[in-house]
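Chemist: My structure is stored as protein_35.cif, with mmCIF, C-alpha atoms and all ligand atoms; chains and numbers go by the auth columns.
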data_start
#
loop_
_atom_site.group_PDB
_atom_site.id
_atom_site.type_symbol
_atom_site.label_atom_id
_atom_site.label_comp_id
_atom_site.label_asym_id
_atom_site.label_seq_id
_atom_site.Cartn_x
_atom_site.Cartn_y
_atom_site.Cartn_z
_atom_site.B_iso_or_equiv
_atom_site.auth_seq_id
_atom_site.auth_asym_id
ATOM 1 C CA MET A 1 149.921 108.810 143.532 0.00 278 A
ATOM 2 C CA PRO A 2 148.731 107.126 140.357 0.00 279 A
ATOM 3 C CA THR A 3 145.857 108.724 138.570 0.00 280 A
ATOM 4 C CA LYS A 4 142.641 106.949 139.044 0.00 281 A
ATOM 5 C CA LYS A 5 141.568 105.317 135.825 0.00 282 A
ATOM 6 C CA THR A 6 137.937 105.508 134.879 0.00 283 A
ATOM 7 C CA ALA A 7 136.584 102.398 133.261 0.00 284 A
ATOM 8 C CA VAL A 8 135.625 103.165 129.707 0.00 285 A
ATOM 9 C CA LYS A 9 132.851 100.916 128.563 0.00 286 A
ATOM 10 C CA GLU A 10 133.232 100.333 124.868 0.00 287 A
ATOM 11 C CA THR A 11 130.026 99.764 123.026 0.00 288 A
ATOM 12 C CA LEU A 12 129.337 99.021 119.395 0.00 289 A
ATOM 13 C CA LYS A 13 127.815 101.656 117.166 0.00 290 A
ATOM 14 C CA LEU A 14 124.119 101.091 116.530 0.00 291 A
ATOM 15 C CA THR A 15 123.201 100.170 112.958 0.00 292 A
ATOM 16 C CA PRO A 16 121.938 103.371 111.342 0.00 293 A
ATOM 17 C CA ALA A 17 118.289 103.681 110.350 0.00 294 A
ATOM 18 C CA VAL A 18 117.345 104.352 106.738 0.00 295 A
ATOM 19 C CA GLU A 19 113.891 105.397 105.602 0.00 296 A
ATOM 20 C CA GLU A 20 111.210 102.738 105.126 0.00 297 A
ATOM 21 C CA GLY A 21 110.200 103.739 101.589 0.00 298 A
ATOM 22 C CA PRO A 22 106.780 103.149 100.043 0.00 299 A
ATOM 23 C CA TYR A 23 106.749 99.354 99.541 0.00 300 A
ATOM 24 C CA TYR A 24 106.644 97.776 102.995 0.00 301 A
ATOM 25 C CA LYS A 25 103.798 95.315 103.472 0.00 302 A
ATOM 26 C CA ASP A 26 102.680 93.968 106.817 0.00 303 A
ATOM 27 C CA GLY A 27 102.118 90.288 107.342 0.00 304 A
ATOM 28 C CA SER A 28 104.991 88.727 105.405 0.00 305 A
ATOM 29 C CA PRO A 29 105.265 84.933 105.767 0.00 306 A
ATOM 30 C CA GLU A 30 107.890 83.471 108.114 0.00 307 A
ATOM 31 C CA ARG A 31 110.614 81.952 105.926 0.00 308 A
ATOM 32 C CA LYS A 32 114.327 82.165 105.152 0.00 309 A
ATOM 33 C CA ALA A 33 114.007 81.565 101.403 0.00 310 A
ATOM 34 C CA ILE A 34 111.928 84.442 100.059 0.00 311 A
ATOM 35 C CA ILE A 35 111.870 83.625 96.335 0.00 312 A
ATOM 36 C CA THR A 36 108.400 82.224 95.868 0.00 313 A
ATOM 37 C CA LYS A 37 108.092 82.717 92.118 0.00 314 A
ATOM 38 C CA PRO A 38 110.611 80.337 90.505 0.00 315 A
ATOM 39 C CA ASP A 39 111.069 82.625 87.474 0.00 316 A
ATOM 40 C CA THR A 40 112.057 85.614 89.615 0.00 317 A
ATOM 41 C CA PRO A 41 114.825 87.450 87.740 0.00 318 A
ATOM 42 C CA GLY A 42 118.111 88.118 89.511 0.00 319 A
ATOM 43 C CA THR A 43 121.429 86.630 90.606 0.00 320 A
ATOM 44 C CA LYS A 44 121.140 84.208 93.523 0.00 321 A
ATOM 45 C CA LEU A 45 122.020 85.970 96.765 0.00 322 A
ATOM 46 C CA ILE A 46 122.437 84.800 100.332 0.00 323 A
ATOM 47 C CA ILE A 47 122.581 87.341 103.128 0.00 324 A
ATOM 48 C CA GLU A 48 123.661 86.215 106.559 0.00 325 A
ATOM 49 C CA GLY A 49 125.049 87.504 109.803 0.00 326 A
ATOM 50 C CA CYS A 50 124.015 88.174 113.355 0.00 327 A
ATOM 51 C CA VAL A 51 121.922 90.527 115.379 0.00 328 A
ATOM 52 C CA LEU A 52 123.944 91.923 118.288 0.00 329 A
ATOM 53 C CA ASP A 53 123.300 94.234 121.182 0.00 330 A
ATOM 54 C CA GLU A 54 125.528 97.232 121.880 0.00 331 A
ATOM 55 C CA ASN A 55 127.873 95.064 123.949 0.00 332 A
ATOM 56 C CA GLY A 56 128.381 92.671 121.043 0.00 333 A
ATOM 57 C CA LYS A 57 126.231 89.968 122.590 0.00 334 A
ATOM 58 C CA PRO A 58 124.239 87.945 120.027 0.00 335 A
ATOM 59 C CA ILE A 59 120.483 88.257 120.375 0.00 336 A
ATOM 60 C CA ALA A 60 118.446 85.067 120.024 0.00 337 A
ATOM 61 C CA LYS A 61 114.887 85.241 118.668 0.00 338 A
ATOM 62 C CA ALA A 62 115.330 88.727 117.208 0.00 339 A
ATOM 63 C CA TRP A 63 112.764 89.472 114.487 0.00 340 A
ATOM 64 C CA LEU A 64 113.916 90.428 110.982 0.00 341 A
ATOM 65 C CA ASP A 65 111.493 91.322 108.186 0.00 342 A
ATOM 66 C CA PHE A 66 113.027 91.637 104.691 0.00 343 A
ATOM 67 C CA TRP A 67 111.570 93.025 101.474 0.00 344 A
ATOM 68 C CA HIS A 68 113.220 94.165 98.264 0.00 345 A
ATOM 69 C CA ALA A 69 113.055 94.544 94.481 0.00 346 A
ATOM 70 C CA ASP A 70 113.970 91.768 92.051 0.00 347 A
ATOM 71 C CA GLY A 71 116.653 91.656 89.362 0.00 348 A
ATOM 72 C CA THR A 72 114.632 94.027 87.187 0.00 349 A
ATOM 73 C CA GLY A 73 113.952 96.574 89.940 0.00 350 A
ATOM 74 C CA GLN A 74 110.337 95.457 90.536 0.00 351 A
ATOM 75 C CA TYR A 75 108.638 94.936 93.907 0.00 352 A
ATOM 76 C CA ASP A 76 105.861 92.416 94.352 0.00 353 A
ATOM 77 C CA ASN A 77 103.210 94.723 95.752 0.00 354 A
ATOM 78 C CA LYS A 78 100.331 92.298 95.203 0.00 355 A
ATOM 79 C CA GLY A 79 101.823 89.221 96.834 0.00 356 A
ATOM 80 C CA TYR A 80 104.781 88.371 99.030 0.00 357 A
ATOM 81 C CA ASN A 81 107.484 87.336 96.571 0.00 358 A
ATOM 82 C CA LEU A 82 110.850 88.585 97.934 0.00 359 A
ATOM 83 C CA ARG A 83 109.249 89.331 101.279 0.00 360 A
ATOM 84 C CA GLY A 84 109.614 87.340 104.463 0.00 361 A
ATOM 85 C CA HIS A 85 110.344 87.494 108.149 0.00 362 A
ATOM 86 C CA GLN A 86 112.422 85.233 110.365 0.00 363 A
ATOM 87 C CA TYR A 87 113.909 85.032 113.852 0.00 364 A
ATOM 88 C CA THR A 88 117.544 84.662 114.811 0.00 365 A
ATOM 89 C CA ASP A 89 118.667 81.302 116.204 0.00 366 A
ATOM 90 C CA LYS A 90 120.185 80.773 119.651 0.00 367 A
ATOM 91 C CA ASP A 91 123.484 82.277 118.429 0.00 368 A
ATOM 92 C CA GLY A 92 121.828 85.405 117.077 0.00 369 A
ATOM 93 C CA HIS A 93 122.308 84.213 113.508 0.00 370 A
ATOM 94 C CA TYR A 94 120.035 84.895 110.539 0.00 371 A
ATOM 95 C CA HIS A 95 120.163 83.529 106.997 0.00 372 A
ATOM 96 C CA LEU A 96 118.259 84.825 103.968 0.00 373 A
ATOM 97 C CA GLU A 97 118.041 83.223 100.539 0.00 374 A
ATOM 98 C CA THR A 98 116.972 85.523 97.754 0.00 375 A
ATOM 99 C CA VAL A 99 118.029 87.211 94.512 0.00 376 A
ATOM 100 C CA ARG A 100 120.143 90.303 94.159 0.00 377 A
ATOM 101 C CA PRO A 101 118.032 93.442 93.653 0.00 378 A
ATOM 102 C CA VAL A 102 119.045 96.030 91.077 0.00 379 A
ATOM 103 C CA GLN A 103 118.675 99.782 90.945 0.00 380 A
ATOM 104 C CA TYR A 104 115.319 101.453 90.216 0.00 381 A
ATOM 105 C CA LEU A 105 114.488 105.122 89.653 0.00 382 A
ATOM 106 C CA PHE A 106 117.291 107.060 91.383 0.00 383 A
ATOM 107 C CA ARG A 107 117.930 104.332 93.943 0.00 384 A
ATOM 108 C CA ALA A 108 121.098 102.339 94.472 0.00 385 A
ATOM 109 C CA PRO A 109 120.426 98.592 94.837 0.00 386 A
ATOM 110 C CA HIS A 110 119.273 97.878 98.387 0.00 387 A
ATOM 111 C CA VAL A 111 117.507 95.380 100.619 0.00 388 A
ATOM 112 C CA HIS A 112 114.937 96.754 103.063 0.00 389 A
ATOM 113 C CA VAL A 113 114.771 95.269 106.521 0.00 390 A
ATOM 114 C CA LYS A 114 113.183 95.823 109.906 0.00 391 A
ATOM 115 C CA VAL A 115 114.896 94.391 112.978 0.00 392 A
ATOM 116 C CA GLN A 116 113.611 94.131 116.526 0.00 393 A
ATOM 117 C CA ALA A 117 115.543 92.537 119.384 0.00 394 A
ATOM 118 C CA ASN A 118 112.414 91.590 121.338 0.00 395 A
ATOM 119 C CA ASP A 119 108.769 92.618 121.698 0.00 396 A
ATOM 120 C CA SER A 120 109.521 95.606 123.883 0.00 397 A
ATOM 121 C CA ALA A 121 112.563 96.870 121.948 0.00 398 A
ATOM 122 C CA PRO A 122 112.384 99.643 119.347 0.00 399 A
ATOM 123 C CA VAL A 123 112.104 98.545 115.710 0.00 400 A
ATOM 124 C CA LEU A 124 115.077 99.456 113.528 0.00 401 A
ATOM 125 C CA THR A 125 114.029 100.155 109.938 0.00 402 A
ATOM 126 C CA THR A 126 116.934 100.302 107.535 0.00 403 A
ATOM 127 C CA GLN A 127 118.272 99.351 104.104 0.00 404 A
ATOM 128 C CA LEU A 128 121.327 97.249 103.261 0.00 405 A
ATOM 129 C CA PHE A 129 123.572 98.333 100.390 0.00 406 A
ATOM 130 C CA PHE A 130 126.056 96.642 98.054 0.00 407 A
ATOM 131 C CA PRO A 131 129.671 97.817 97.768 0.00 408 A
ATOM 132 C CA GLY A 132 130.987 99.145 94.470 0.00 409 A
ATOM 133 C CA GLU A 133 127.647 100.240 93.039 0.00 410 A
ATOM 134 C CA LYS A 134 127.824 103.451 91.002 0.00 411 A
ATOM 135 C CA ARG A 135 124.478 104.600 92.379 0.00 412 A
ATOM 136 C CA ASN A 136 125.865 104.550 95.924 0.00 413 A
ATOM 137 C CA THR A 137 127.509 107.879 95.115 0.00 414 A
ATOM 138 C CA THR A 138 124.359 109.606 93.802 0.00 415 A
ATOM 139 C CA ASP A 139 121.472 108.093 95.774 0.00 416 A
ATOM 140 C CA PRO A 140 120.676 110.602 98.575 0.00 417 A
ATOM 141 C CA ILE A 141 119.245 107.760 100.672 0.00 418 A
ATOM 142 C CA PHE A 142 122.491 105.736 100.533 0.00 419 A
ATOM 143 C CA GLU A 143 124.044 105.019 103.953 0.00 420 A
ATOM 144 C CA LYS A 144 127.603 103.735 104.169 0.00 421 A
ATOM 145 C CA GLY A 145 126.949 102.386 107.664 0.00 422 A
ATOM 146 C CA THR A 146 124.768 99.642 106.193 0.00 423 A
ATOM 147 C CA LEU A 147 127.070 98.473 103.410 0.00 424 A
ATOM 148 C CA MET A 148 127.246 94.688 103.307 0.00 425 A
ATOM 149 C CA GLU A 149 130.337 92.633 102.602 0.00 426 A
ATOM 150 C CA VAL A 150 129.664 90.786 99.371 0.00 427 A
ATOM 151 C CA LYS A 151 131.620 88.040 97.657 0.00 428 A
ATOM 152 C CA ASP A 152 131.044 85.840 94.625 0.00 429 A
ATOM 153 C CA VAL A 153 130.339 82.200 95.327 0.00 430 A
ATOM 154 C CA ALA A 154 129.768 79.234 92.989 0.00 431 A
ATOM 155 C CA ASP A 155 126.101 79.860 92.265 0.00 432 A
ATOM 156 C CA GLY A 156 125.709 83.547 93.007 0.00 433 A
ATOM 157 C CA GLN A 157 126.758 85.889 95.813 0.00 434 A
ATOM 158 C CA LEU A 158 127.138 85.727 99.564 0.00 435 A
ATOM 159 C CA ALA A 159 126.633 88.890 101.589 0.00 436 A
ATOM 160 C CA THR A 160 127.197 89.392 105.289 0.00 437 A
ATOM 161 C CA PHE A 161 125.974 92.056 107.674 0.00 438 A
ATOM 162 C CA TYR A 162 125.956 92.331 111.474 0.00 439 A
ATOM 163 C CA PHE A 163 123.145 94.389 112.945 0.00 440 A
ATOM 164 C CA VAL A 164 123.647 96.211 116.221 0.00 441 A
ATOM 165 C CA VAL A 165 120.331 97.132 117.780 0.00 442 A
ATOM 166 C CA GLU A 166 118.848 98.532 120.951 0.00 443 A
ATOM 167 C CA THR A 167 117.314 96.054 123.340 0.00 444 A
HETATM 168 FE FE FE B . 113.325 100.137 97.908 0.00 1 B
#
Please render this file's structure as structure tokens.
Ligand code: FE
Modeler:
Amino acid sequence: MPTKKTAVKETLKLTPAVEEGPYYKDGSPERKAIITKPDTPGTKLIIEGCVLDENGKPIAKAWLDFWHADGTGQYDNKGYNLRGHQYTDKDGHYHLETVRPVQYLFRAPHVHVKVQANDSAPVLTTQLFFPGEKRNTTDPIFEKGTLMEVKDVADGQLATFYFVVET
């Protein structure tokens, strides 16, 4: 008699959380391009990807709130430069236009983000990191599970990251 096979349901690994840090500000404007001061220092950077559930299904209308330092390691703590929230489209896709942050204090370069699949889902707070940064090896907050894929493009860099969140 053949052994009865149990169906193994494969699920994706949830995107790991990383600490919020001291610079989150509530009430960021809704926008995909978050450079609001034209003289903001830093290499042009686009970050894009999808928000998925554990079964790999894209989540439409998921909320993402980004904030990060500029190309000199400074946060705008008075206003909302390099801060903004957006919602995924019907295919679960997001697209952020910004500048590449650099290291500050002991920190490796990173982009802070909060992601929530829907109003009743838990909020994931995490930080996205850049491959090949020296500080990735010494920053105790660094998380390899949130490393983006980054490539050079004509006018800057293009990074991709797929979030997997609880619904
Ligand atoms: Fe930070």
Chemist: Ligand FE 1 (chain B): which residues are within 7 Å, counting only C-alpha atoms and all ligand atoms? Reply as a PDB file with C-alpha atoms, keeping the file's coordinate frame.
Modeler:
ATOM      1  CA  GLY A 298     110.200 103.739 101.589  1.00  0.00           C
ATOM      2  CA  TYR A 300     106.749  99.354  99.541  1.00  0.00           C
ATOM      3  CA  HIS A 345     113.220  94.165  98.264  1.00  0.00           C
ATOM      4  CA  ALA A 346     113.055  94.544  94.481  1.00  0.00           C
ATOM      5  CA  HIS A 387     119.273  97.878  98.387  1.00  0.00           C
ATOM      6  CA  VAL A 388     117.507  95.380 100.619  1.00  0.00           C
ATOM      7  CA  HIS A 389     114.937  96.754 103.063  1.00  0.00           C
TER       8      HIS A 389
END
Chemist: For a test of reading the model, state the distance in Å between atom CA of Arg308 of chain A and atom CA of Leu329 of chain A, rounded to one decimal.
Modeler: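 These two atoms are separated by 20.7 Å.
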Chemist: Smallest atom-to-atom distance to Val441 of chain A: which of A:Asn332, A:Thr402, A:Asn395, A:Thr320, using all atoms listed in the file?
Modeler: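 Closest candidate: A:Asn332.
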Chemist: Under the rule that all atoms listed in the file are counted, which of A:Pro318, A:Gly422, A:Gly433, A:Gly304 is the nearest residue to Gly356 of chain A?
Modeler: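 The answer is A:Gly304, which sits nearest to Gly356 of chain A.
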Chemist: Considering all atoms listed in the file, return as a VMD selection string whatever protein or nucleic-acid residues lie within 12 Å of Glu296 of chain A, sequence-local ones (same chain, fewer than 2 positions apart) excluded.
Modeler: chain A and resid 293 to 294 298 to 301 387 to 391 401 to 405 417 to 420
Chemist: Which residue is closest to Cys327 of chain A? Choose from A:Phe406, A:Tyr357, A:Phe438, A:Tyr352 and count only C-alpha atoms.
Modeler: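 Ranked by minimum distance to Cys327 of chain A, first place goes to A:Phe438.
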Chemist: List the spatial neighbours of Leu359 of chain A as a ChimeraX atom specification - criterion: any atom at most 7 Å away, all atoms listed in the file, same-chain residues fewer than 6 positions off excluded.
Modeler: /A:311-312,344-345,375
Chemist: Take atom CA of Val392 of chain A and atom CA of Gly348 of chain A and report the distance between them in Å, one decimal.
Modeler: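 We find that atom CA of Val392 of chain A and atom CA of Gly348 of chain A lie 23.8 Å from each other.
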Chemist: Evaluate the PyMOL selection byres (((chain A and resi 322) around 6) and not hetatm) here and jot the selected residues down as JSON, numbers by chain.
Modeler: {"A": [321, 323, 375, 376, 377, 433, 434, 435]}
Chemist: Selection from above, C-alpha atoms, as a CSV table (one decimal), in the coordinates of the input, can you write it?
Modeler:
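part-v1.csv was written with the following content:
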chain,number,residue,atom,x,y,z
A,321,LYS,CA,121.1,84.2,93.5
A,323,ILE,CA,122.4,84.8,100.3
A,375,THR,CA,117.0,85.5,97.8
A,376,VAL,CA,118.0,87.2,94.5
A,377,ARG,CA,120.1,90.3,94.2
A,433,GLY,CA,125.7,83.5,93.0
A,434,GLN,CA,126.8,85.9,95.8
A,435,LEU,CA,127.1,85.7,99.6
Chemist: Identify which of the residues A:Thr423, A:Asp303, A:Asp366, A:Arg412 lies closest to Asn354 of chain A, counting all atoms listed in the file when measuring atom-to-atom distances.
Modeler: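 Answer, going by the shortest atom-to-atom distance: A:Asp303.
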